[in-house]
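J.: Got a structure for you, questions after.
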Amino acid sequence: MTRLQRQTLDELLRHAPLDIGGDVVEQRAVFHEMIASIPLPADVSVTPGELGGVPVLTVETPGNDPSAVLLYFHGGAYAIGSAADGAGLAADVARRVGARAVCVEYRLAPEHPFPAAVDDAVAAYRALLDDGVPSSRIAFVGESAGGGLVVATLVAVKDAGLPQPASAAVFSPWTDLTLSGGSLVGKADVDPALTAAGLRTRARDYLGDTDPAAPLASPVFADLTGLPPLLVQVGSHEILLDDAIRLAARAAEHDVWVELQVWPQLPHVFQSFAAVLDEADAALDAAAAFTRAQWVAAGAEVQAQGVS
C-alpha cells in the first residue's frame with residue numbers, strides 16, 4: 001500500500017504547477033493556491049499577531065498545552081510561501097506534540113534579502129522569551145528553507161548570547177546555498193519537486209552580494225557547537241539529501257546531539273502529505289516524540305539547576 005502511495009505522490013508532484021525558480025510573484029500565487037486547496041481541519045484555530053515587530057500566526061489545536069511553543073518556519077526557498085501556507089504542517093506537528101505553534105512571517109527575498117529572514121526569526125524568538133516563555137518550553141521546527149533558517153537562527157541566537165530552545169526538528173532542510181552537495185546531480189532524476197536550476201535562482205535572490213558560504217546563509221558551514229538536540233528528517237528522493245546528511249555530520253562533529261532519519265523513496269518535505277502517505281504520518285509522530293522527549297529532558301535540567 002505504501003508503495004502505491006509513494007508512486008501516486010511522485011506523479012502528483014511531477015505534474016504540479018509550481019516552478020521553484022519561476023517568476024517569484026507568479027509562483028507565490030501558485031504555491032498559495034496549491035496549499036489553499038487543502039483547507040485546515042475545522043478544529044484548528046489560527047490567530048494573527050506579532051512578536052518583536054514580526055507578524056506571526058498562532059496555530060492551536062484542541063487540548064494543546066499553552067505553556068509550550070513550537071516556533072515554526074515555513075519553506076519556499078526564502079522567496080515563496082508564508083506563515084499561512086505553513087500553518088497546515090505546523091498544525092499537524094502541534095497536534096501531535098500537544099503544543100501551540102507560532103508560524104513566523106519572516107520577510108522574503110528578493111525584496112528583503114539576507115539577513116532579513118534570520119533577523120526576523122531571532123526577533124520573534126527574543127520576543128517569546130521576553131513574554132515569559134522559558135527557553136526550555138520552546139522548540140524550533142522548520143521545513144525546506146525554513147529548516148535551514150531554523151539552524152541559522154540557532155547559530156544567531158548563540159551569537160547573541162540568548163538561551164537555546166529545548167530542541168529543533170527540520171524537514172528536508174536547505175542548508176547549503178553554495179549548492180555543492182552531490183545529490184543535486186545524483187538525485188536529480190528521482191526528485192519530482194525541486195531542480196538545481198530553480199534553487200540557484202532563489203539562492204541569488206536571497207543572497208544578493210552575500211558570500212553563499214556565509215554561516216548564517218549556509219549553516220552547514222557554521223560552528224554548531226552549543227546547539228540543542230537536533231532531529232533531521234529527509235527523503236532519499238530529493239536533491240537536498242546531502243544538505244541534510246552533511247548538516248547531521250556537522251552537528252555530530254561539533255558535539256550536538258543529533259538524529260538523522262532518511263526515509264527511503266520519499267520526496268522533499270514529504271511530511272506535508274500525512275493525510276495520504278503512511279510514512280509521512282509516521283515521520284510526524286517521530287518528530288513529535290522527539291520534541292516531547294527533549295522538553296522533558298530540558299525541564300529536568302532546569303529543575304536540577306534550581307535544586308543545586
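If you're wondering about the labels, chains in the C-alpha cells are A, B, ... by order shown, residues count from 1 in each chain, ligands from 1 in order shown.
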Run DSSP on the backbone of this structure and report the residues of segment 103-197 of chain A it assigns to strand (DSSP E), as a ChimeraX atom specification.
T.: /A:103-104,138-143,167-171
J.: Neighbours of Asp205 of chain A within 9 Å (only C-alpha atoms; same-chain residues fewer than 3 positions away dropped), as a list in words?
T.: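 That gives Tyr78, Ala79, Ala109, Pro110, Glu111, His112, Pro113, Phe114, Arg200, Thr201, Arg202 and Gly208 of chain A.
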J.: Need to verify the contact set: segment 126-133 of chain A, 7 Å, only C-alpha atoms, exclusion of same-chain residues closer than 4 positions in sequence. Can you return it as a list in words?
T.: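 Everything that qualifies: Leu51, Gly52, Val122 and Arg137 of chain A.
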J.: Extract, using only C-alpha atoms, all DNA, RNA and protein residues at most 10 Å from Gly53 of chain A, discarding same-chain residues fewer than 4 positions from it, and format them as a ChimeraX atom specification.
T.: /A:49,120,123-124,127
J.: Segment 44-81 of chain A near segment 21-29 of chain A within 9 Å: what's each residue's closest atom pair and its distance in Å to one decimal, counting only C-alpha atoms, ordered by chain then ascending residue number, as a Markdown table?
T.:
```
| residue | atom | partner | partner_atom | distance |
| --- | --- | --- | --- | --- |
| A:Gly76 | CA | A:Arg28 | CA | 8.7 |
| A:Ala79 | CA | A:Val24 | CA | 6.9 |
| A:Ile80 | CA | A:Arg28 | CA | 5.1 |
| A:Gly81 | CA | A:Arg28 | CA | 6.2 |
```
J.: Residues as selected, all heavy atoms, written as a short mmCIF file (atom, residue, chain, number, x, y, z; two decimals), in the first residue's frame, can you do that?
T.:
```cif
data_model
loop_
_atom_site.label_atom_id
_atom_site.label_comp_id
_atom_site.auth_asym_id
_atom_site.auth_seq_id
_atom_site.Cartn_x
_atom_site.Cartn_y
_atom_site.Cartn_z
N GLY A 76 9.89 27.47 1.12
CA GLY A 76 9.65 28.29 -0.06
C GLY A 76 10.88 28.94 -0.62
O GLY A 76 10.79 29.95 -1.33
N ALA A 79 11.85 32.81 -0.80
CA ALA A 79 11.21 33.77 -1.69
C ALA A 79 9.72 33.51 -1.87
O ALA A 79 9.01 34.38 -2.36
CB ALA A 79 11.90 33.76 -3.05
N ILE A 80 9.26 32.33 -1.51
CA ILE A 80 7.89 31.89 -1.74
C ILE A 80 7.34 31.38 -0.41
O ILE A 80 8.09 30.98 0.47
CB ILE A 80 7.85 30.79 -2.81
CG1 ILE A 80 8.36 31.33 -4.15
CG2 ILE A 80 6.47 30.19 -2.98
CD1 ILE A 80 8.63 30.26 -5.19
N GLY A 81 6.02 31.37 -0.27
CA GLY A 81 5.42 30.82 0.93
C GLY A 81 5.14 31.89 1.97
O GLY A 81 5.57 33.04 1.84
#
```
J.: Quick one: everything within 8 Å of Ser144 of chain A, counting only C-alpha atoms, minus sequence neighbours fewer than 3 positions away in the same chain. Send it as a list in words.
T.: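 After dropping sequence-adjacent residues, the list is His74, Gly75, Gly76, Ala77, Gly147, Gly148, Val170, Phe171, Ser172, Pro173, Trp174, His268 and Val269 of chain A.
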J.: Of the candidates A:Leu108, A:Ala156, A:Leu194, A:Leu71, which shows the shortest atom-to-atom distance to Leu18 of chain A, using only C-alpha atoms?
T.: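 Checking each of A:Leu108, A:Ala156, A:Leu194, A:Leu71 against Leu18 of chain A, counting only C-alpha atoms, the winner is A:Leu194.
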J.: To test your reading of the structure, identify every residue in segment 112-155 of chain A that backbone DSSP assigns to helix (DSSP H, G or I), and report it as a ChimeraX atom specification.
T.: /A:116-130,135-137,145-155
J.: Identify, on the basis of only C-alpha atoms, every residue whose closest approach to Glu50 of chain A does not exceed 10 Å; exclude the query and any residue fewer than 5 positions from it along the same chain; express the result as an MDAnalysis selection string.
T.: chainID A and resid 55:58 102 104:105 124 127
J.: I need the residues from that last selection saved to file as a PDB file, in the first residue's frame (with all heavy atoms), if you can.
T.:
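That gives us out_25.pdb:
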```pdb
ATOM      1  N   PRO A  55       5.298  39.821  12.063  1.00  0.00           N
ATOM      2  CA  PRO A  55       3.978  39.177  12.033  1.00  0.00           C
ATOM      3  C   PRO A  55       4.097  37.669  12.267  1.00  0.00           C
ATOM      4  O   PRO A  55       5.022  37.017  11.770  1.00  0.00           O
ATOM      5  CB  PRO A  55       3.464  39.471  10.613  1.00  0.00           C
ATOM      6  CG  PRO A  55       4.266  40.637  10.141  1.00  0.00           C
ATOM      7  CD  PRO A  55       5.612  40.494  10.785  1.00  0.00           C
ATOM      8  N   VAL A  56       3.148  37.129  13.004  1.00  0.00           N
ATOM      9  CA  VAL A  56       3.108  35.685  13.267  1.00  0.00           C
ATOM     10  C   VAL A  56       1.660  35.219  13.234  1.00  0.00           C
ATOM     11  O   VAL A  56       0.731  36.016  13.354  1.00  0.00           O
ATOM     12  CB  VAL A  56       3.736  35.312  14.637  1.00  0.00           C
ATOM     13  CG1 VAL A  56       5.203  35.695  14.696  1.00  0.00           C
ATOM     14  CG2 VAL A  56       2.969  35.975  15.785  1.00  0.00           C
ATOM     15  N   LEU A  57       1.498  33.922  13.076  1.00  0.00           N
ATOM     16  CA  LEU A  57       0.203  33.277  13.220  1.00  0.00           C
ATOM     17  C   LEU A  57       0.324  32.226  14.312  1.00  0.00           C
ATOM     18  O   LEU A  57       1.215  31.361  14.249  1.00  0.00           O
ATOM     19  CB  LEU A  57      -0.233  32.614  11.914  1.00  0.00           C
ATOM     20  CG  LEU A  57      -0.558  33.515  10.724  1.00  0.00           C
ATOM     21  CD1 LEU A  57      -0.930  32.653   9.515  1.00  0.00           C
ATOM     22  CD2 LEU A  57      -1.689  34.477  11.051  1.00  0.00           C
ATOM     23  N   THR A  58      -0.542  32.294  15.301  1.00  0.00           N
ATOM     24  CA  THR A  58      -0.572  31.269  16.339  1.00  0.00           C
ATOM     25  C   THR A  58      -1.588  30.208  15.953  1.00  0.00           C
ATOM     26  O   THR A  58      -2.758  30.514  15.723  1.00  0.00           O
ATOM     27  CB  THR A  58      -0.930  31.871  17.706  1.00  0.00           C
ATOM     28  OG1 THR A  58       0.077  32.814  18.087  1.00  0.00           O
ATOM     29  CG2 THR A  58      -1.005  30.778  18.769  1.00  0.00           C
ATOM     30  N   VAL A 102       3.656  28.697  16.625  1.00  0.00           N
ATOM     31  CA  VAL A 102       3.709  30.092  16.221  1.00  0.00           C
ATOM     32  C   VAL A 102       4.486  30.150  14.908  1.00  0.00           C
ATOM     33  O   VAL A 102       5.694  29.898  14.879  1.00  0.00           O
ATOM     34  CB  VAL A 102       4.379  30.968  17.297  1.00  0.00           C
ATOM     35  CG1 VAL A 102       4.508  32.406  16.804  1.00  0.00           C
ATOM     36  CG2 VAL A 102       3.580  30.924  18.595  1.00  0.00           C
ATOM     37  N   VAL A 104       6.171  31.987  11.896  1.00  0.00           N
ATOM     38  CA  VAL A 104       6.819  33.283  11.722  1.00  0.00           C
ATOM     39  C   VAL A 104       6.700  33.748  10.272  1.00  0.00           C
ATOM     40  O   VAL A 104       7.086  33.030   9.343  1.00  0.00           O
ATOM     41  CB  VAL A 104       8.299  33.203  12.139  1.00  0.00           C
ATOM     42  CG1 VAL A 104       8.981  34.558  11.964  1.00  0.00           C
ATOM     43  CG2 VAL A 104       8.417  32.726  13.587  1.00  0.00           C
ATOM     44  N   GLU A 105       6.200  34.963  10.093  1.00  0.00           N
ATOM     45  CA  GLU A 105       6.071  35.573   8.762  1.00  0.00           C
ATOM     46  C   GLU A 105       7.340  36.372   8.457  1.00  0.00           C
ATOM     47  O   GLU A 105       7.334  37.599   8.395  1.00  0.00           O
ATOM     48  CB  GLU A 105       4.851  36.492   8.717  1.00  0.00           C
ATOM     49  CG  GLU A 105       4.472  36.975   7.322  1.00  0.00           C
ATOM     50  CD  GLU A 105       3.743  35.911   6.531  1.00  0.00           C
ATOM     51  OE1 GLU A 105       2.515  35.785   6.686  1.00  0.00           O
ATOM     52  OE2 GLU A 105       4.420  35.202   5.755  1.00  0.00           O
ATOM     53  N   ALA A 124      11.616  37.325  16.685  1.00  0.00           N
ATOM     54  CA  ALA A 124      10.436  36.611  17.163  1.00  0.00           C
ATOM     55  C   ALA A 124      10.779  35.752  18.372  1.00  0.00           C
ATOM     56  O   ALA A 124      10.023  35.710  19.360  1.00  0.00           O
ATOM     57  CB  ALA A 124       9.847  35.754  16.045  1.00  0.00           C
ATOM     58  N   ALA A 127      11.367  37.881  21.457  1.00  0.00           N
ATOM     59  CA  ALA A 127      10.112  38.376  21.997  1.00  0.00           C
ATOM     60  C   ALA A 127       9.374  37.297  22.786  1.00  0.00           C
ATOM     61  O   ALA A 127       8.743  37.583  23.809  1.00  0.00           O
ATOM     62  CB  ALA A 127       9.233  38.902  20.866  1.00  0.00           C
TER      63      ALA A 127
END
```
J.: Of the candidates A:Val262, A:Ala275, A:Ala68, A:Ala152, which shows the shortest atom-to-atom distance to Trp295 of chain A, using only C-alpha atoms?
T.: A:Ala68
J.: For Val151 of chain A, find every residue with an atom within 10 Å (counting only C-alpha atoms), except residues of its own chain fewer than 6 positions away, and show them as JSON, numbers by chain.
T.: {"A": [118, 140, 141, 142, 157, 168, 169, 170, 173, 174, 175, 215, 216, 217, 218, 219, 220, 222, 224, 227, 230, 247]}
J.: Could you please determine the separation between atom CA of Pro192 of chain A and atom CA of Asp285 of chain A in Å, to one decimal place?
T.: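 Separation of atom CA of Pro192 of chain A and atom CA of Asp285 of chain A: 24.4 Å.
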J.: Identify which of the residues A:Ala304, A:Ala282, A:Ala193, A:Leu260 lies closest to Arg14 of chain A, counting only C-alpha atoms when measuring atom-to-atom distances.
T.: A:Ala193
J.: Could you jot down the atom CA of Gly86 of chain A to atom CA of Arg100 of chain A separation for me, Å, one decimal place?
T.: 13.8 Å
